[in-house]
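One structure below.
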Amino acid sequence: MEIVKNAVVTLNYTVHDPDGNMIDDGKNPLVYLHGGYDAIFPHLEEALHGKSVGEKIVVKLQPEDAFGDYDESLVMIEPADLFPDNIEVGMAFERVGEDGEEDMLFRVTDIAEGKVVVDGNHPLAGTALVFDVTVAEVRMATAEEISHGHVHGAGGHHH
């Protein structure tokens with residue numbers, strides 16, 4: 001069966017940076033609903049359209065087609081007294097916007113001299129990604145999966 005809109009696709013994959021450094025070993029297959037449901041990067045989904053079980057592709061995504069370019073304006077230095085006493089490098093928190101909604105995830109990247117450096121960029125922002133993908137399974141989605149916009153069951157969403 002070919003990958004078409006509303007197909008549930010299972011991929012075996014790895015992701016490297018352009019220098020060959022492993023980003024994701026793909027230990028768990030990726031299962032997604034194909035056809036513009038924003039489950040995977042659009043350029044990768046486009047490259048998979050029409051492929052069948054057993055086909056292999058290699059797709060290189062530039063930063064703007066993956067997690068975006070690195071934005072220096074999303075790096076801020078804040079006074080440590082704005083944070084809990086147990087703050088550590090690597091912790092993440094969501095910034096609450098003026099409307100009271102959580103609007104952005106920030107990671108703590110450094111703590112020194114009473115200051116905390118936080119970064120709102122995705123950890124892979126600014127990085128090109130090379131996907132090495134093999135189509136493992138393809139089936140048509142159920143009506144419920146299509147109405148919910150995601151895969152249910154093994155490898156997918158569980159309600």
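By order of appearance in the structure tokens: chains A, B, ..., then residues from 1 within every chain, and ligands from 1 in the order shown.
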Write down as a compact mmCIF listing (two decimals) with N, CA and C atoms, in the first residue's frame the residues belonging to stretch 43-117 of chain A that are assigned helix (DSSP H, G or I) by DSSP computed on the backbone.
```
# COMPACT_ATOMS: atom_id res chain seq x y z
N HIS A 43 8.24 18.87 5.08
CA HIS A 43 9.11 18.43 3.98
C HIS A 43 9.37 16.93 4.04
N LEU A 44 9.45 16.37 5.24
CA LEU A 44 9.63 14.93 5.38
C LEU A 44 8.35 14.21 4.94
N GLU A 45 7.21 14.73 5.36
CA GLU A 45 5.94 14.12 4.96
C GLU A 45 5.78 14.15 3.44
N GLU A 46 6.14 15.27 2.84
CA GLU A 46 6.05 15.40 1.38
C GLU A 46 6.93 14.37 0.68
N ALA A 47 8.13 14.14 1.19
CA ALA A 47 9.06 13.17 0.59
C ALA A 47 8.54 11.74 0.73
N LEU A 48 7.73 11.49 1.77
CA LEU A 48 7.21 10.14 2.00
C LEU A 48 5.95 9.84 1.19
N PRO A 63 17.54 24.06 8.92
CA PRO A 63 16.94 24.50 10.19
C PRO A 63 15.55 25.10 10.03
N GLU A 64 15.35 25.92 9.01
CA GLU A 64 14.05 26.57 8.85
C GLU A 64 12.94 25.58 8.53
N ASP A 65 13.30 24.36 8.09
CA ASP A 65 12.31 23.33 7.80
C ASP A 65 12.19 22.33 8.94
N GLU A 72 18.87 34.57 18.84
CA GLU A 72 19.59 35.12 20.01
C GLU A 72 18.66 35.90 20.94
N SER A 73 17.59 36.49 20.40
CA SER A 73 16.70 37.28 21.25
C SER A 73 15.92 36.42 22.24
N LEU A 74 15.96 35.10 22.07
CA LEU A 74 15.27 34.20 23.00
C LEU A 74 16.18 33.75 24.14
N ALA A 80 18.75 35.63 39.68
CA ALA A 80 18.48 34.32 40.26
C ALA A 80 17.33 34.34 41.25
N ASP A 81 17.10 35.50 41.89
CA ASP A 81 16.03 35.54 42.89
C ASP A 81 14.62 35.46 42.27
N LEU A 82 14.54 35.45 40.96
CA LEU A 82 13.25 35.25 40.28
C LEU A 82 12.91 33.76 40.16
```
Report as a list in words all protein, DNA and RNA residues lying within 7 Å of A:Lys115, evaluated on only C-alpha atoms, omitting residues in the same chain fewer than 5 positions from it.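 In the requested form, the answer reads Ile77, Glu78, Pro79 and Ala80 of chain A.
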Same residues, all heavy atoms, saved as a compact mmCIF listing (two decimals), in the first residue's frame:
```txt
# COMPACT_ATOMS: atom_id res chain seq x y z
N ILE A 77 19.14 36.78 30.34
CA ILE A 77 19.83 36.67 31.62
C ILE A 77 18.94 37.34 32.65
O ILE A 77 18.59 38.52 32.51
CB ILE A 77 21.21 37.33 31.57
CG1 ILE A 77 22.06 36.67 30.48
CG2 ILE A 77 21.90 37.26 32.93
CD1 ILE A 77 23.37 37.37 30.19
N GLU A 78 18.56 36.56 33.65
CA GLU A 78 17.62 37.03 34.67
C GLU A 78 18.24 36.91 36.06
O GLU A 78 19.08 36.05 36.29
CB GLU A 78 16.33 36.20 34.62
CG GLU A 78 15.63 36.19 33.28
CD GLU A 78 14.94 37.50 32.95
OE1 GLU A 78 14.81 38.36 33.84
OE2 GLU A 78 14.53 37.67 31.79
N PRO A 79 17.80 37.74 37.00
CA PRO A 79 18.28 37.61 38.38
C PRO A 79 17.85 36.26 38.96
O PRO A 79 16.71 35.83 38.77
CB PRO A 79 17.58 38.76 39.12
CG PRO A 79 17.09 39.69 38.06
CD PRO A 79 16.88 38.87 36.83
N ALA A 80 18.75 35.63 39.68
CA ALA A 80 18.48 34.32 40.26
C ALA A 80 17.33 34.34 41.25
O ALA A 80 16.64 33.34 41.42
CB ALA A 80 19.75 33.76 40.92
```
Quick one: of A:Leu33, A:Val75, A:Met91, A:Ala39, who's nearest to A:Thr142, counting only C-alpha atoms?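 Looking at the shortest contact to A:Thr142, the residue is A:Leu33.
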When DSSP works through the backbone of this structure, what residues of chain A end up as strand (DSSP E), shown as an mmCIF file with N, CA, C and O atoms, in the first residue's frame?
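So the final result, stored in states13.cif, reads:
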```cif
data_model
loop_
_atom_site.group_PDB
_atom_site.id
_atom_site.type_symbol
_atom_site.label_atom_id
_atom_site.label_comp_id
_atom_site.auth_asym_id
_atom_site.auth_seq_id
_atom_site.Cartn_x
_atom_site.Cartn_y
_atom_site.Cartn_z
ATOM 1 N N ALA A 7 -3.463 7.889 5.700
ATOM 2 C CA ALA A 7 -2.824 6.606 5.987
ATOM 3 C C ALA A 7 -2.086 6.726 7.319
ATOM 4 O O ALA A 7 -1.547 7.780 7.661
ATOM 5 N N VAL A 8 -2.080 5.642 8.075
ATOM 6 C CA VAL A 8 -1.253 5.556 9.275
ATOM 7 C C VAL A 8 0.062 4.933 8.827
ATOM 8 O O VAL A 8 0.084 3.846 8.246
ATOM 9 N N VAL A 9 1.149 5.643 9.091
ATOM 10 C CA VAL A 9 2.468 5.237 8.599
ATOM 11 C C VAL A 9 3.380 4.949 9.787
ATOM 12 O O VAL A 9 3.442 5.730 10.731
ATOM 13 N N THR A 10 4.074 3.822 9.711
ATOM 14 C CA THR A 10 5.087 3.472 10.710
ATOM 15 C C THR A 10 6.443 3.526 10.027
ATOM 16 O O THR A 10 6.647 2.903 8.977
ATOM 17 N N LEU A 11 7.354 4.302 10.636
ATOM 18 C CA LEU A 11 8.684 4.500 10.070
ATOM 19 C C LEU A 11 9.756 3.987 11.015
ATOM 20 O O LEU A 11 9.698 4.248 12.222
ATOM 21 N N ASN A 12 10.729 3.306 10.471
ATOM 22 C CA ASN A 12 11.981 3.057 11.183
ATOM 23 C C ASN A 12 12.923 4.151 10.699
ATOM 24 O O ASN A 12 12.985 4.435 9.497
ATOM 25 N N TYR A 13 13.641 4.763 11.609
ATOM 26 C CA TYR A 13 14.404 5.947 11.218
ATOM 27 C C TYR A 13 15.574 6.186 12.157
ATOM 28 O O TYR A 13 15.620 5.668 13.275
ATOM 29 N N THR A 14 16.498 6.990 11.668
ATOM 30 C CA THR A 14 17.525 7.616 12.512
ATOM 31 C C THR A 14 17.632 9.058 12.045
ATOM 32 O O THR A 14 17.269 9.390 10.910
ATOM 33 N N VAL A 15 18.119 9.906 12.944
ATOM 34 C CA VAL A 15 18.341 11.307 12.601
ATOM 35 C C VAL A 15 19.756 11.666 13.012
ATOM 36 O O VAL A 15 20.171 11.391 14.145
ATOM 37 N N HIS A 16 20.499 12.272 12.066
ATOM 38 C CA HIS A 16 21.866 12.737 12.310
ATOM 39 C C HIS A 16 21.958 14.207 11.970
ATOM 40 O O HIS A 16 21.118 14.731 11.225
ATOM 41 N N MET A 22 24.814 11.454 15.854
ATOM 42 C CA MET A 22 23.469 10.936 16.107
ATOM 43 C C MET A 22 22.648 11.939 16.912
ATOM 44 O O MET A 22 23.076 12.426 17.952
ATOM 45 N N ILE A 23 21.464 12.246 16.411
ATOM 46 C CA ILE A 23 20.507 13.103 17.101
ATOM 47 C C ILE A 23 19.422 12.235 17.729
ATOM 48 O O ILE A 23 19.023 12.437 18.864
ATOM 49 N N ASP A 24 18.936 11.250 16.970
ATOM 50 C CA ASP A 24 17.885 10.344 17.436
ATOM 51 C C ASP A 24 18.153 8.982 16.829
ATOM 52 O O ASP A 24 18.196 8.841 15.603
ATOM 53 N N LEU A 30 8.472 5.534 14.536
ATOM 54 C CA LEU A 30 7.609 6.711 14.491
ATOM 55 C C LEU A 30 6.323 6.309 13.774
ATOM 56 O O LEU A 30 6.357 5.789 12.664
ATOM 57 N N VAL A 31 5.186 6.541 14.434
ATOM 58 C CA VAL A 31 3.884 6.231 13.860
ATOM 59 C C VAL A 31 3.122 7.542 13.764
ATOM 60 O O VAL A 31 2.988 8.263 14.753
ATOM 61 N N TYR A 32 2.619 7.863 12.563
ATOM 62 C CA TYR A 32 1.925 9.138 12.394
ATOM 63 C C TYR A 32 0.792 9.012 11.380
ATOM 64 O O TYR A 32 0.740 8.076 10.591
ATOM 65 N N LEU A 33 -0.114 9.987 11.429
ATOM 66 C CA LEU A 33 -1.211 10.081 10.482
ATOM 67 C C LEU A 33 -0.779 11.007 9.356
ATOM 68 O O LEU A 33 -0.478 12.176 9.585
ATOM 69 N N LYS A 56 13.114 3.139 1.178
ATOM 70 C CA LYS A 56 14.016 3.916 2.024
ATOM 71 C C LYS A 56 14.255 5.272 1.385
ATOM 72 O O LYS A 56 14.394 5.360 0.158
ATOM 73 N N ILE A 57 14.326 6.297 2.222
ATOM 74 C CA ILE A 57 14.665 7.633 1.736
ATOM 75 C C ILE A 57 15.598 8.297 2.732
ATOM 76 O O ILE A 57 15.616 7.952 3.922
ATOM 77 N N VAL A 58 16.363 9.237 2.236
ATOM 78 C CA VAL A 58 17.191 10.094 3.075
ATOM 79 C C VAL A 58 16.769 11.522 2.751
ATOM 80 O O VAL A 58 16.765 11.924 1.581
ATOM 81 N N VAL A 59 16.384 12.256 3.791
ATOM 82 C CA VAL A 59 15.903 13.623 3.613
ATOM 83 C C VAL A 59 16.702 14.534 4.533
ATOM 84 O O VAL A 59 16.789 14.287 5.738
ATOM 85 N N LYS A 60 17.285 15.596 3.952
ATOM 86 C CA LYS A 60 17.994 16.597 4.750
ATOM 87 C C LYS A 60 17.092 17.814 4.899
ATOM 88 O O LYS A 60 16.640 18.383 3.910
ATOM 89 N N LEU A 61 16.835 18.180 6.143
ATOM 90 C CA LEU A 61 16.036 19.364 6.434
ATOM 91 C C LEU A 61 16.942 20.479 6.924
ATOM 92 O O LEU A 61 17.730 20.273 7.850
ATOM 93 N N VAL A 75 17.395 34.282 24.196
ATOM 94 C CA VAL A 75 18.318 33.998 25.302
ATOM 95 C C VAL A 75 18.292 35.203 26.224
ATOM 96 O O VAL A 75 18.517 36.332 25.798
ATOM 97 N N MET A 76 17.988 34.950 27.501
ATOM 98 C CA MET A 76 17.861 36.046 28.468
ATOM 99 C C MET A 76 18.649 35.741 29.730
ATOM 100 O O MET A 76 18.797 34.575 30.113
ATOM 101 N N ILE A 77 19.136 36.777 30.337
ATOM 102 C CA ILE A 77 19.832 36.667 31.620
ATOM 103 C C ILE A 77 18.943 37.337 32.649
ATOM 104 O O ILE A 77 18.591 38.521 32.512
ATOM 105 N N GLU A 78 18.561 36.555 33.652
ATOM 106 C CA GLU A 78 17.621 37.033 34.668
ATOM 107 C C GLU A 78 18.242 36.912 36.058
ATOM 108 O O GLU A 78 19.083 36.052 36.294
ATOM 109 N N PRO A 79 17.799 37.740 36.996
ATOM 110 C CA PRO A 79 18.276 37.613 38.378
ATOM 111 C C PRO A 79 17.853 36.265 38.964
ATOM 112 O O PRO A 79 16.706 35.832 38.771
ATOM 113 N N ALA A 92 13.494 23.113 32.764
ATOM 114 C CA ALA A 92 12.689 23.841 31.795
ATOM 115 C C ALA A 92 11.430 24.340 32.476
ATOM 116 O O ALA A 92 10.944 23.741 33.435
ATOM 117 N N PHE A 93 10.916 25.443 31.964
ATOM 118 C CA PHE A 93 9.666 25.980 32.491
ATOM 119 C C PHE A 93 8.958 26.737 31.387
ATOM 120 O O PHE A 93 9.571 27.148 30.396
ATOM 121 N N GLU A 94 7.661 26.883 31.559
ATOM 122 C CA GLU A 94 6.880 27.613 30.571
ATOM 123 C C GLU A 94 6.661 29.036 31.049
ATOM 124 O O GLU A 94 6.305 29.263 32.209
ATOM 125 N N ARG A 95 6.883 29.967 30.145
ATOM 126 C CA ARG A 95 6.620 31.372 30.439
ATOM 127 C C ARG A 95 5.124 31.602 30.244
ATOM 128 O O ARG A 95 4.528 31.128 29.284
ATOM 129 N N VAL A 96 4.531 32.329 31.153
ATOM 130 C CA VAL A 96 3.119 32.656 31.046
ATOM 131 C C VAL A 96 2.998 34.029 30.402
ATOM 132 O O VAL A 96 3.612 34.998 30.855
ATOM 133 N N GLU A 102 0.141 29.770 28.965
ATOM 134 C CA GLU A 102 1.548 29.389 28.814
ATOM 135 C C GLU A 102 1.889 29.510 27.342
ATOM 136 O O GLU A 102 1.183 28.982 26.490
ATOM 137 N N ASP A 103 2.973 30.240 27.036
ATOM 138 C CA ASP A 103 3.222 30.508 25.625
ATOM 139 C C ASP A 103 4.583 30.085 25.099
ATOM 140 O O ASP A 103 4.763 30.044 23.899
ATOM 141 N N MET A 104 5.539 29.750 25.966
ATOM 142 C CA MET A 104 6.847 29.383 25.441
ATOM 143 C C MET A 104 7.630 28.602 26.496
ATOM 144 O O MET A 104 7.580 28.914 27.674
ATOM 145 N N LEU A 105 8.347 27.595 26.037
ATOM 146 C CA LEU A 105 9.171 26.787 26.923
ATOM 147 C C LEU A 105 10.591 27.344 26.935
ATOM 148 O O LEU A 105 11.166 27.606 25.877
ATOM 149 N N PHE A 106 11.135 27.541 28.127
ATOM 150 C CA PHE A 106 12.507 28.015 28.289
ATOM 151 C C PHE A 106 13.300 26.976 29.066
ATOM 152 O O PHE A 106 12.788 26.343 29.977
ATOM 153 N N ARG A 107 14.580 26.825 28.688
ATOM 154 C CA ARG A 107 15.507 25.941 29.400
ATOM 155 C C ARG A 107 16.552 26.788 30.116
ATOM 156 O O ARG A 107 17.001 27.802 29.570
ATOM 157 N N VAL A 108 16.937 26.345 31.301
ATOM 158 C CA VAL A 108 18.023 26.993 32.027
ATOM 159 C C VAL A 108 19.321 26.442 31.466
ATOM 160 O O VAL A 108 19.550 25.234 31.467
ATOM 161 N N THR A 109 20.187 27.344 30.950
ATOM 162 C CA THR A 109 21.433 26.886 30.326
ATOM 163 C C THR A 109 22.677 27.222 31.143
ATOM 164 O O THR A 109 23.737 26.655 30.904
ATOM 165 N N ASP A 110 22.541 28.151 32.108
ATOM 166 C CA ASP A 110 23.703 28.509 32.931
ATOM 167 C C ASP A 110 23.212 29.233 34.174
ATOM 168 O O ASP A 110 22.188 29.928 34.143
ATOM 169 N N ILE A 111 23.957 29.056 35.268
ATOM 170 C CA ILE A 111 23.694 29.771 36.522
ATOM 171 C C ILE A 111 25.044 30.217 37.056
ATOM 172 O O ILE A 111 25.943 29.395 37.245
ATOM 173 N N ALA A 112 25.202 31.526 37.274
ATOM 174 C CA ALA A 112 26.477 32.031 37.793
ATOM 175 C C ALA A 112 26.277 33.429 38.351
ATOM 176 O O ALA A 112 25.532 34.243 37.793
ATOM 177 N N LYS A 115 22.950 35.130 38.620
ATOM 178 C CA LYS A 115 22.199 35.276 37.366
ATOM 179 C C LYS A 115 21.857 33.895 36.809
ATOM 180 O O LYS A 115 22.591 32.920 37.012
ATOM 181 N N VAL A 116 20.748 33.835 36.088
ATOM 182 C CA VAL A 116 20.307 32.605 35.438
ATOM 183 C C VAL A 116 20.129 32.908 33.954
ATOM 184 O O VAL A 116 19.456 33.872 33.586
ATOM 185 N N VAL A 117 20.749 32.080 33.111
ATOM 186 C CA VAL A 117 20.594 32.223 31.668
ATOM 187 C C VAL A 117 19.514 31.235 31.220
ATOM 188 O O VAL A 117 19.593 30.041 31.512
ATOM 189 N N VAL A 118 18.494 31.772 30.539
ATOM 190 C CA VAL A 118 17.420 30.933 30.015
ATOM 191 C C VAL A 118 17.375 31.085 28.496
ATOM 192 O O VAL A 118 17.689 32.138 27.954
ATOM 193 N N ASP A 119 16.983 29.988 27.830
ATOM 194 C CA ASP A 119 16.978 29.958 26.373
ATOM 195 C C ASP A 119 15.631 29.408 25.893
ATOM 196 O O ASP A 119 15.256 28.293 26.251
ATOM 197 N N LEU A 129 18.978 18.688 9.899
ATOM 198 C CA LEU A 129 18.738 17.303 10.305
ATOM 199 C C LEU A 129 18.701 16.401 9.079
ATOM 200 O O LEU A 129 18.088 16.747 8.071
ATOM 201 N N VAL A 130 19.332 15.244 9.186
ATOM 202 C CA VAL A 130 19.323 14.264 8.104
ATOM 203 C C VAL A 130 18.547 13.041 8.601
ATOM 204 O O VAL A 130 18.980 12.358 9.532
ATOM 205 N N PHE A 131 17.391 12.809 7.988
ATOM 206 C CA PHE A 131 16.544 11.668 8.326
ATOM 207 C C PHE A 131 16.855 10.523 7.376
ATOM 208 O O PHE A 131 16.800 10.689 6.162
ATOM 209 N N ASP A 132 17.158 9.364 7.932
ATOM 210 C CA ASP A 132 17.331 8.131 7.175
ATOM 211 C C ASP A 132 16.137 7.260 7.555
ATOM 212 O O ASP A 132 16.035 6.802 8.699
ATOM 213 N N VAL A 133 15.213 7.065 6.620
ATOM 214 C CA VAL A 133 13.908 6.505 6.931
ATOM 215 C C VAL A 133 13.606 5.287 6.078
ATOM 216 O O VAL A 133 13.885 5.279 4.875
ATOM 217 N N THR A 134 13.014 4.265 6.705
ATOM 218 C CA THR A 134 12.472 3.109 6.006
ATOM 219 C C THR A 134 11.004 2.989 6.372
ATOM 220 O O THR A 134 10.644 3.019 7.555
ATOM 221 N N VAL A 135 10.150 2.854 5.362
ATOM 222 C CA VAL A 135 8.719 2.689 5.599
ATOM 223 C C VAL A 135 8.494 1.255 6.080
ATOM 224 O O VAL A 135 8.775 0.290 5.361
ATOM 225 N N ALA A 136 8.003 1.113 7.318
ATOM 226 C CA ALA A 136 7.814 -0.211 7.913
ATOM 227 C C ALA A 136 6.390 -0.735 7.729
ATOM 228 O O ALA A 136 6.197 -1.931 7.460
ATOM 229 N N GLU A 137 5.392 0.129 7.876
ATOM 230 C CA GLU A 137 3.995 -0.284 7.733
ATOM 231 C C GLU A 137 3.175 0.879 7.208
ATOM 232 O O GLU A 137 3.483 2.038 7.501
ATOM 233 N N VAL A 138 2.125 0.553 6.479
ATOM 234 C CA VAL A 138 1.158 1.550 6.021
ATOM 235 C C VAL A 138 -0.216 0.899 6.083
ATOM 236 O O VAL A 138 -0.395 -0.225 5.615
ATOM 237 N N ARG A 139 -1.169 1.602 6.678
ATOM 238 C CA ARG A 139 -2.568 1.156 6.696
ATOM 239 C C ARG A 139 -3.452 2.392 6.641
ATOM 240 O O ARG A 139 -3.009 3.493 6.951
ATOM 241 N N MET A 140 -4.685 2.207 6.256
ATOM 242 C CA MET A 140 -5.615 3.331 6.263
ATOM 243 C C MET A 140 -6.059 3.598 7.695
ATOM 244 O O MET A 140 -6.244 2.675 8.488
#
```
One-decimal distance in Å that lies between atom CA of A:Val53 and atom CA of A:His148: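 Atom CA of A:His148 sits 24.7 Å away from atom CA of A:Val53.
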Please report the interatomic distance between atom CA of A:Glu2 and atom CA of A:Gly50 in Å with one decimal.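 Atom CA of A:Gly50 lies at a distance of 5.2 Å from atom CA of A:Glu2.
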Go ahead and compute the interatomic distance for atom CA of A:Gly26 and atom CA of A:Asp71, in Å to one decimal.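 Value for the atom CA of A:Gly26-atom CA of A:Asp71 distance: 27.5 Å.
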